[in-house]
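Colleague: Data: query-v3.txt, compact mmCIF, C-alpha atoms.
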```
# COMPACT_ATOMS: atom_id res chain seq x y z
CA MET X 1 -208.23 28.40 -53.26
CA THR X 2 -209.54 27.70 -56.73
CA GLU X 3 -208.34 29.57 -59.82
CA LEU X 4 -211.73 31.30 -60.07
CA GLN X 5 -211.54 32.47 -56.46
CA LYS X 6 -208.00 33.71 -56.99
CA TYR X 7 -209.09 35.56 -60.13
CA ASN X 8 -211.99 37.22 -58.33
CA THR X 9 -209.77 38.49 -55.51
CA ASP X 10 -207.57 40.21 -58.09
CA ILE X 11 -210.43 42.26 -59.55
CA HIS X 12 -210.39 45.89 -58.52
CA VAL X 13 -213.65 47.78 -58.81
CA PRO X 14 -212.93 51.52 -58.93
CA GLU X 15 -214.95 53.63 -56.56
CA VAL X 16 -216.92 56.61 -57.79
CA SER X 17 -215.35 59.73 -56.36
CA ASP X 18 -217.38 62.28 -54.47
CA ASP X 19 -216.69 64.80 -57.23
CA GLY X 20 -217.85 62.34 -59.89
CA MET X 21 -221.04 61.56 -58.01
CA ALA X 22 -221.71 65.24 -57.46
CA GLU X 23 -221.30 65.89 -61.19
CA LEU X 24 -223.72 63.05 -62.02
CA MET X 25 -226.28 64.45 -59.60
CA LYS X 26 -225.83 67.90 -61.07
CA GLN X 27 -226.41 66.58 -64.61
CA ALA X 28 -229.48 64.60 -63.49
CA GLU X 29 -230.97 67.68 -61.85
CA ALA X 30 -230.24 69.78 -64.95
CA MET X 31 -231.89 67.18 -67.20
CA SER X 32 -234.96 67.01 -64.96
CA ALA X 33 -235.31 70.80 -64.91
CA ALA X 34 -234.80 71.04 -68.68
CA HIS X 35 -237.41 68.34 -69.31
CA LYS X 36 -240.01 70.04 -67.11
CA LEU X 37 -239.45 73.34 -68.87
CA ALA X 38 -239.48 71.66 -72.30
CA THR X 39 -242.77 69.87 -71.52
CA VAL X 40 -244.45 73.19 -70.81
CA LEU X 41 -242.93 75.08 -73.75
CA CYS X 42 -243.67 72.33 -76.28
CA ASN X 43 -247.38 72.87 -75.65
CA THR X 44 -247.17 76.54 -76.64
CA ALA X 45 -247.00 78.34 -79.97
CA MET X 46 -243.57 79.75 -79.03
CA VAL X 47 -241.57 76.74 -80.17
CA PRO X 48 -240.82 75.63 -83.77
CA ALA X 49 -242.79 72.75 -85.25
CA THR X 50 -239.63 70.65 -84.84
CA PHE X 51 -240.26 70.40 -81.09
CA LYS X 52 -244.06 70.21 -81.02
CA GLY X 53 -244.94 67.21 -78.89
CA LYS X 54 -241.25 66.26 -78.48
CA PRO X 55 -240.21 67.32 -74.96
CA ASP X 56 -237.28 64.90 -74.94
CA ASP X 57 -235.72 66.51 -78.01
CA ALA X 58 -236.52 69.96 -76.66
CA ALA X 59 -234.84 69.13 -73.33
CA ALA X 60 -231.72 67.98 -75.17
CA ALA X 61 -231.72 71.23 -77.15
CA ILE X 62 -232.07 73.28 -73.96
CA LEU X 63 -229.17 71.44 -72.31
CA TYR X 64 -226.96 71.86 -75.37
CA GLY X 65 -227.90 75.53 -75.59
CA ALA X 66 -226.96 76.02 -71.94
CA GLU X 67 -223.54 74.49 -72.65
CA VAL X 68 -222.81 77.02 -75.41
CA GLY X 69 -224.44 80.02 -73.72
CA LEU X 70 -228.03 80.12 -75.00
CA LYS X 71 -231.07 80.71 -72.82
CA PRO X 72 -233.81 78.04 -72.99
CA GLN X 73 -236.08 80.06 -75.31
CA GLN X 74 -233.11 80.91 -77.52
CA ALA X 75 -232.03 77.27 -77.64
CA LEU X 76 -235.45 76.12 -78.83
CA GLN X 77 -235.33 78.68 -81.64
CA GLN X 78 -231.71 78.10 -82.66
CA VAL X 79 -230.90 74.44 -81.85
CA PHE X 80 -232.23 71.40 -83.69
CA VAL X 81 -231.82 67.73 -82.82
CA VAL X 82 -230.99 65.70 -85.93
CA HIS X 83 -230.25 61.96 -85.76
CA GLY X 84 -229.52 62.41 -82.05
CA GLN X 85 -227.07 65.25 -82.63
CA PRO X 86 -227.47 69.03 -82.20
CA ALA X 87 -227.51 71.38 -85.18
CA ILE X 88 -227.64 75.19 -85.23
CA TYR X 89 -227.74 77.98 -87.81
CA ALA X 90 -224.43 79.21 -89.16
CA ARG X 91 -225.25 82.72 -87.97
CA THR X 92 -225.81 81.34 -84.46
CA MET X 93 -222.37 79.73 -84.56
CA ALA X 94 -220.84 83.07 -85.50
CA ALA X 95 -222.78 84.97 -82.82
CA LEU X 96 -221.65 82.57 -80.09
CA LEU X 97 -218.02 82.81 -81.17
CA LYS X 98 -218.03 86.59 -81.64
CA ALA X 99 -219.18 86.91 -78.03
CA LYS X 100 -215.99 85.05 -77.08
CA GLY X 101 -213.66 87.25 -79.13
CA TYR X 102 -213.59 85.44 -82.47
CA LYS X 103 -213.65 87.60 -85.59
CA PHE X 104 -215.08 86.79 -89.03
CA SER X 105 -214.82 88.67 -92.32
CA THR X 106 -216.09 88.08 -95.86
CA VAL X 107 -213.22 88.00 -98.36
CA GLU X 108 -215.36 87.38 -101.46
CA SER X 109 -219.09 87.05 -102.06
CA THR X 110 -220.73 86.34 -105.42
CA ASP X 111 -223.47 84.05 -106.66
CA GLU X 112 -220.74 81.61 -107.71
CA SER X 113 -218.30 81.72 -104.79
CA VAL X 114 -218.07 82.93 -101.18
CA THR X 115 -214.90 83.06 -99.07
CA VAL X 116 -214.96 83.65 -95.31
CA ASP X 117 -211.94 84.32 -93.08
CA GLY X 118 -211.89 83.82 -89.31
CA VAL X 119 -209.45 84.60 -86.50
CA SER X 120 -209.53 83.23 -82.96
CA PRO X 121 -208.58 85.27 -79.84
CA ARG X 122 -205.28 83.34 -79.86
CA GLY X 123 -204.51 84.52 -83.39
CA GLU X 124 -205.30 81.24 -85.18
CA ARG X 125 -206.69 81.81 -88.68
CA GLU X 126 -208.90 79.71 -90.93
CA THR X 127 -210.32 80.43 -94.40
CA SER X 128 -213.05 78.58 -96.27
CA THR X 129 -214.32 78.94 -99.84
CA TRP X 130 -217.61 77.43 -100.99
CA THR X 131 -218.56 77.50 -104.65
CA ILE X 132 -221.74 76.49 -106.44
CA GLN X 133 -219.84 73.59 -108.00
CA ARG X 134 -218.69 72.38 -104.60
CA ALA X 135 -222.24 72.60 -103.26
CA LYS X 136 -223.51 70.64 -106.28
CA THR X 137 -220.91 67.92 -105.76
CA ALA X 138 -221.90 67.63 -102.10
CA GLY X 139 -225.58 67.36 -103.02
CA TYR X 140 -226.77 70.58 -101.35
CA THR X 141 -228.15 72.45 -104.36
CA SER X 142 -231.40 70.46 -104.26
CA ASN X 143 -232.34 73.14 -101.74
CA LYS X 144 -234.21 75.74 -103.80
CA LYS X 145 -232.53 78.52 -101.83
CA TYR X 146 -229.37 77.86 -103.84
CA GLN X 147 -231.30 79.18 -106.83
CA THR X 148 -233.09 82.08 -105.09
CA ASP X 149 -230.30 83.24 -102.75
CA PRO X 150 -227.03 81.43 -103.57
CA GLN X 151 -224.78 83.93 -101.78
CA ALA X 152 -226.55 83.42 -98.46
CA MET X 153 -226.35 79.64 -98.71
CA LEU X 154 -222.69 79.61 -99.76
CA TYR X 155 -221.91 82.10 -96.99
CA ALA X 156 -223.56 79.82 -94.42
CA LYS X 157 -221.45 76.87 -95.57
CA ALA X 158 -218.19 78.83 -95.56
CA LEU X 159 -218.93 80.52 -92.23
CA SER X 160 -219.87 77.30 -90.44
CA GLU X 161 -216.80 75.52 -91.80
CA VAL X 162 -214.50 78.24 -90.47
CA ALA X 163 -216.30 78.28 -87.12
CA ARG X 164 -216.02 74.50 -86.67
CA LYS X 165 -212.31 74.53 -87.52
CA LEU X 166 -211.51 77.43 -85.18
CA ALA X 167 -213.59 76.45 -82.17
CA PRO X 168 -214.62 72.78 -81.99
CA ASP X 169 -214.32 73.02 -78.20
CA VAL X 170 -216.80 75.91 -78.01
CA LEU X 171 -219.27 74.32 -80.43
CA LEU X 172 -218.89 70.91 -78.77
CA GLY X 173 -218.07 69.13 -82.02
CA ILE X 174 -221.32 70.08 -83.76
CA LYS X 175 -221.56 68.41 -87.19
CA TYR X 176 -224.60 70.02 -88.80
CA THR X 177 -226.02 73.45 -89.46
CA ALA X 178 -229.68 74.08 -90.10
CA GLU X 179 -228.78 75.12 -93.65
CA ASP X 180 -227.32 71.64 -94.26
CA LEU X 181 -230.68 70.10 -93.46
CA GLU X 182 -232.92 72.36 -95.54
CA LEU X 183 -232.91 69.95 -98.49
CA GLU X 184 -236.10 70.14 -100.52
CA PRO X 185 -237.53 66.87 -101.90
CA VAL X 186 -237.27 66.75 -105.69
CA LYS X 187 -240.02 65.28 -107.88
CA ALA X 188 -238.10 62.92 -110.10
CA THR X 189 -238.75 62.45 -113.79
CA ALA X 190 -236.94 60.39 -116.39
CA THR X 191 -235.66 63.52 -118.14
CA ARG X 192 -234.11 64.92 -114.97
CA MET X 193 -232.42 61.73 -113.90
CA ASP X 194 -229.25 62.45 -115.88
CA VAL X 195 -228.69 65.95 -114.50
CA GLN X 196 -229.47 65.44 -110.81
CA ARG X 197 -226.44 65.17 -108.56
CA GLY X 198 -225.72 64.18 -104.98
CA ALA X 199 -228.28 62.77 -102.56
CA GLU X 200 -231.28 64.05 -104.50
CA GLY X 201 -229.82 62.62 -107.70
CA VAL X 202 -229.72 59.18 -106.16
CA ARG X 203 -233.31 59.50 -105.00
CA ALA X 204 -234.41 60.89 -108.37
CA ALA X 205 -232.76 58.07 -110.30
CA LEU X 206 -234.47 55.40 -108.22
CA ALA X 207 -237.87 57.14 -108.37
CA ALA X 208 -237.62 57.44 -112.15
CA LYS X 209 -236.66 53.80 -112.46
CA LYS X 210 -239.74 52.76 -110.49
CA GLN X 211 -241.92 54.55 -113.06
CA GLU X 212 -240.69 52.24 -115.81
CA PRO X 213 -242.49 48.92 -116.46
CA GLN X 214 -241.02 46.37 -114.09
CA PRO X 215 -240.81 42.58 -114.51
CA GLU X 216 -242.31 40.27 -111.93
CA PRO X 217 -240.38 40.66 -108.66
CA VAL X 218 -237.87 37.98 -107.85
CA PRO X 219 -238.49 36.39 -104.45
CA GLU X 220 -236.27 37.71 -101.66
CA GLN X 221 -234.82 40.39 -103.95
CA ASP X 222 -233.23 43.27 -101.97
CA ASP X 223 -234.56 46.40 -103.69
CA SER X 224 -232.07 48.54 -101.77
CA SER X 225 -229.26 47.18 -103.95
CA ASP X 226 -230.01 49.72 -106.71
CA TYR X 227 -229.88 52.53 -104.19
CA VAL X 228 -226.55 51.26 -102.81
CA ALA X 229 -225.18 51.03 -106.35
CA GLU X 230 -226.25 54.59 -107.17
CA VAL X 231 -224.69 55.91 -103.94
CA THR X 232 -221.47 53.98 -104.53
CA GLU X 233 -221.24 55.35 -108.07
CA HIS X 234 -221.62 58.93 -106.84
CA LEU X 235 -219.15 58.41 -103.97
CA ALA X 236 -216.53 57.41 -106.54
CA THR X 237 -216.72 60.94 -107.98
CA LEU X 238 -215.87 62.59 -104.64
CA ASP X 239 -212.24 63.46 -104.03
CA THR X 240 -212.07 64.59 -100.38
CA GLN X 241 -213.20 63.23 -97.03
CA GLU X 242 -215.15 66.43 -96.45
CA GLN X 243 -217.15 65.87 -99.63
CA VAL X 244 -217.92 62.33 -98.49
CA ASN X 245 -219.00 63.58 -95.05
CA ASP X 246 -221.24 66.26 -96.55
CA PHE X 247 -222.82 63.86 -99.03
CA MET X 248 -223.54 61.23 -96.37
CA ALA X 249 -224.95 63.91 -94.06
CA SER X 250 -227.32 65.06 -96.79
CA LEU X 251 -228.52 61.46 -97.27
CA GLN X 252 -229.09 60.99 -93.53
CA ALA X 253 -230.94 64.30 -93.33
CA GLN X 254 -233.51 62.86 -95.75
CA ASP X 255 -233.63 59.30 -94.39
CA ALA X 256 -232.56 58.42 -90.85
CA ASN X 257 -232.77 54.68 -91.64
CA LEU X 258 -230.25 54.33 -94.43
CA PRO X 259 -229.49 50.76 -95.60
CA GLU X 260 -226.34 49.33 -94.08
CA GLY X 261 -224.90 48.97 -97.57
CA VAL X 262 -225.12 52.74 -98.08
CA LEU X 263 -223.39 53.43 -94.77
CA ALA X 264 -220.72 50.86 -95.58
CA ALA X 265 -220.12 52.44 -99.00
CA GLY X 266 -219.63 55.84 -97.36
CA ARG X 267 -217.18 54.45 -94.82
CA ALA X 268 -215.28 52.56 -97.52
CA ARG X 269 -214.87 55.66 -99.72
CA TRP X 270 -213.81 57.76 -96.72
CA GLU X 271 -211.16 55.20 -95.75
CA GLU X 272 -210.03 54.87 -99.38
CA ILE X 273 -209.41 58.63 -99.59
CA ASN X 274 -207.72 58.60 -96.18
CA ALA X 275 -205.37 55.86 -97.32
```
For the structure just supplied, provide its representation as structure tokens.

Modeller:
Amino acid sequence: MTELQKYNTDIHVPEVSDDGMAELMKQAEAMSAAHKLATVLCNTAMVPATFKGKPDDAAAAILYGAEVGLKPQQALQQVFVVHGQPAIYARTMAALLKAKGYKFSTVESTDESVTVDGVSPRGERETSTWTIQRAKTAGYTSNKKYQTDPQAMLYAKALSEVARKLAPDVLLGIKYTAEDLELEPVKATATRMDVQRGAEGVRAALAAKKQEPQPEPVPEQDDSSDYVAEVTEHLATLDTQEQVNDFMASLQAQDANLPEGVLAAGRARWEEINA
């Protein structure tokens, strides 16, 4: 017997259990049913523009909604698929958890600061405070709603943070809320470049720079290097891993194809803070 033959006889291929196969079949059937329903609904006026002509995304939203207790029509109104991951409104998070015995209360609510307290059925407690300054640092205030209704936006951030900390198992590790993704594009000018912060500040700085007279391009020059440098500079001002996560999420919400250098800068700053 050769060494190769001996090696092959030692390999053990695990068998798929009947329970495992049954679960796979169940998931396949659920996906098929969700896709058929999504295909029909996506051709109606009853679904948000997010899902128009996107039955695959709609099916994923329906399946996720079913996992957390939402009916298909509710899921298509409340669940969004962003970069391959589900996102829901903060108020939807709270509604789902309240139905399971979680309690939430507002400790403080002003245009400058909102504090939300939450208690799980087991008695676990979490509190979160979001201020305008914190939102600015994270790059969220480019959303005009922070100027027109700051309390509502800060409340959504504080509420979702408490909900995610108390019940990651119920929310299935959801990372985004719809409020996180409502970032309005900012028209950049040279005069605003110095005051913009966060993700929009980076975009504004680069847009303003492009308006200036530029020398002849250098062959094979990577024009993403300026963007990476701007992002890296802003990351250096962030002090917590949460701030880094929020800032990177806001960038990805605006551009799903971020340069690898930007992603690497985010990971590096996160690991630096962790260390």

Colleague: Counting all atoms listed in the file, what is within 8 Å of range 126-132 of chain X, bar same-chain residues fewer than 3 positions away, as a ChimeraX atom specification?

Modeller: /X:111-119,135-136,141,150,154-155,157-159,161-162,165-166

Colleague: I'd like the neighbourhood of range 64-75 of chain X as an MDAnalysis selection string, where a residue qualifies if any of its atoms comes within 10 Å (using all atoms listed in the file), though same-chain residues fewer than 5 positions away should be ignored.

Modeller: chainID X and resid 30 34 37:38 41 46:47 58:59 80:81 85:88 92:93 96:97 99 169:172

Colleague: Write a file of the selected residues as a compact mmCIF listing (two decimals), in the frame of the given file, keeping C-alpha atoms.

Modeller:
```
# COMPACT_ATOMS: atom_id res chain seq x y z
CA ALA X 30 -230.24 69.78 -64.95
CA ALA X 34 -234.80 71.04 -68.68
CA LEU X 37 -239.45 73.34 -68.87
CA ALA X 38 -239.48 71.66 -72.30
CA LEU X 41 -242.93 75.08 -73.75
CA MET X 46 -243.57 79.75 -79.03
CA VAL X 47 -241.57 76.74 -80.17
CA ALA X 58 -236.52 69.96 -76.66
CA ALA X 59 -234.84 69.13 -73.33
CA PHE X 80 -232.23 71.40 -83.69
CA VAL X 81 -231.82 67.73 -82.82
CA GLN X 85 -227.07 65.25 -82.63
CA PRO X 86 -227.47 69.03 -82.20
CA ALA X 87 -227.51 71.38 -85.18
CA ILE X 88 -227.64 75.19 -85.23
CA THR X 92 -225.81 81.34 -84.46
CA MET X 93 -222.37 79.73 -84.56
CA LEU X 96 -221.65 82.57 -80.09
CA LEU X 97 -218.02 82.81 -81.17
CA ALA X 99 -219.18 86.91 -78.03
CA ASP X 169 -214.32 73.02 -78.20
CA VAL X 170 -216.80 75.91 -78.01
CA LEU X 171 -219.27 74.32 -80.43
CA LEU X 172 -218.89 70.91 -78.77
```

Colleague: Which residue gives the smallest distance to Thr177 in chain X among X:Leu251, X:Ala229, X:Ala90, X:Val40, with all atoms listed in the file counted?

Modeller: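 Going through X:Leu251, X:Ala229, X:Ala90, X:Val40 one by one, the smallest distance to Thr177 in chain X is for X:Ala90.
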
Colleague: Report, in Å to a single decimal, how far apart CA of Tyr102 in chain X and CA of Thr240 in chain X are.

Modeller: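 Between CA of Thr240 in chain X and CA of Tyr102 in chain X the gap is 27.5 Å.
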
Colleague: Please determine, counting all atoms listed in the file, which residue among X:Ser250, X:Tyr146, X:Ala264, X:Ser160 has the shortest atom-to-atom distance to Val228 in chain X.

Modeller: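 Checking each candidate against Val228 in chain X, we get X:Ala264 as the closest.
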
Colleague: Any idea what's packed within 10 Å of range 258-260 of chain X, counting only C-alpha atoms, ignoring anything in its chain fewer than 3 positions away? Could you give it as a PyMOL selection string?

Modeller: chain X and resi 224-225+227-228+248+251-252+254-255+263-266

Colleague: Rounded to one decimal in Å, what is the spacing between CA of Arg269 in chain X and CA of Ile174 in chain X?

Modeller: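 Distance between the two atoms: 22.5 Å.
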
Colleague: If I take CA of Ile62 in chain X and CA of Pro121 in chain X, how far is one from the other in Å, to one decimal?

Modeller: 27.0 Å
